[in-house]
Amino acid sequence: MIATTPFYTRLAHVLICMICLFYLAIIGQTILAPLLFALLFSLLLLPMADWLEQRLRFKRSLSSIVVLMSLIVVISGLVSLLLNQLGALTEDIPAFKQQLLTATSQIQDWVSNTFHIDNSQQRAYIDTAANDALSTGTTLLGHTLLSVSSLMLFLVFTFLYTFFILLYRKLLLRFIVSLFKEEHSVVVYDAIGQIRYIVKKYIAGLFTQMLIVTILTCCAFEIIGIKYAFLLGLLTGTFNVIPYIGIFSALLLSCLITFATMGNTEVLFVLLSVTLIHLVDGNYIMPKVVGSKVRINTFAALIGLVIGELVWGIKGMFLSIPILAICKIIFDRVEGLRPWGII
């Protein structure tokens, strides 16, 4: 009789492997995070590169440069558009201060009448908090500049990795196939093909969803009469890329800016409109555009988001769903891992 490995031994092996993978992901974030983003961008740009090589007879290096420059132009356009809108927003900072001072005065009166705390005590507490915030302002500015420089370095490495993955994609494919026995080559090619198809469709669907939500939000805010309708609509569509969490962050930001520039009635309309758009997105747009591409249940997606945020922060939240989709494709094709594919 063939001895089988006890369940607790197999469970220990799985747990040790998971701990090692998470540890390697944490210490290797500088290399792995831009590499994974580059892989996703490469899968998205691959059809365009193939079309340039087959139809226009471009060399692989030239096609890789052309599609990468197209991606950089699109991202740069979105960033410049967002910065222009934010520049217009900074002109209303005095109005923001006045509105916040009025709201603070009203809140102080309410606290004084409700909890019988003198306004002078409240002002003393606020002044202390403001002084503490001011004392840490230099540190906060330094961290901000460091974050901006880190983001620029991250983008540079992501674009470089994208170029080289597109350039050496045939070599990388042969390398992956050669890692397995020859009798498994059919399964390996099938898994790679499915990963390419699913990830490409998922990213394309995600951008389509972002565009639809942005248009709906901009139209709703224009109808309401919000001052920065385009900026808030663009932020809502962009934040919506992060499942479950992004829409609530966008809603909070939209309500704060609307409260500072408009009034309480407009804030209520913003709350209702964003909630309605989220319901339409969750029940129709997401299932039709994105949900049909990646079959992952909500429970697993939520756990993936939490783990991604713990490991890599915001970048991990963006990458969690595509990584789960890739893992599911692999799990479904490996006999010992099929139970993980089910969950």
# chains A, B, ... in the order shown; residues from 1 in each chain; ligands from 1
>>> residues_around(residues="Leu78 of chain A", least_positions_apart="4", cutoff="12 Å", atoms="only C-alpha atoms", output="PyMOL selection string")
chain A and resi 71-74+82-85+211+231+234-235+238
>>> write_last_selection(atoms="C-alpha atoms", output="PDB file, in the first residue's frame")
ATOM      1  CA  LEU A  71       0.473  54.056 -22.573  1.00  0.00           C
ATOM      2  CA  ILE A  72       2.697  56.844 -21.208  1.00  0.00           C
ATOM      3  CA  VAL A  73       0.817  59.466 -23.244  1.00  0.00           C
ATOM      4  CA  VAL A  74      -2.563  58.260 -21.943  1.00  0.00           C
ATOM      5  CA  LEU A  82      -6.310  65.915 -12.873  1.00  0.00           C
ATOM      6  CA  LEU A  83      -3.578  68.375 -11.837  1.00  0.00           C
ATOM      7  CA  ASN A  84      -5.226  71.181 -13.795  1.00  0.00           C
ATOM      8  CA  GLN A  85      -8.503  70.561 -12.014  1.00  0.00           C
ATOM      9  CA  LEU A 211     -15.053  55.491 -17.856  1.00  0.00           C
ATOM     10  CA  LEU A 231     -12.900  66.826 -10.992  1.00  0.00           C
ATOM     11  CA  LEU A 234     -13.008  61.842 -12.424  1.00  0.00           C
ATOM     12  CA  LEU A 235     -11.919  61.114  -8.846  1.00  0.00           C
ATOM     13  CA  THR A 238     -10.727  56.507 -10.548  1.00  0.00           C
TER      14      THR A 238
END
>>> residues_around(residues="segment 167-170 of chain A", least_positions_apart="6", cutoff="8 Å", atoms="only C-alpha atoms", output="number ranges by chain")
A: 60-61, 64
>>> atom_distance(atom1="atom CA of Met317 of chain A", atom2="atom CA of Phe37 of chain A")
12.0 Å
>>> residues_around(residues="Ala38 of chain A", least_positions_apart="3", cutoff="7 Å", atoms="only C-alpha atoms", output="list of chain:residue names")
A:Pro34, A:Leu35, A:Phe41, A:Ser42, A:Thr158, A:Phe159, A:Tyr161, A:Thr162
>>> residues_around(residues="segment 294-307 of chain A", least_positions_apart="5", cutoff="12 Å", atoms="only C-alpha atoms", output="ChimeraX atom specification")
/A:22,25-26,194-195,197-206,241-246,282,286-289,312-329,340-343
>>> atom_distance(atom1="atom CA of Ile247 of chain A", atom2="atom CA of Gln29 of chain A")
26.2 Å
>>> atom_distance(atom1="atom CA of Leu253 of chain A", atom2="atom CA of Leu272 of chain A")
14.3 Å
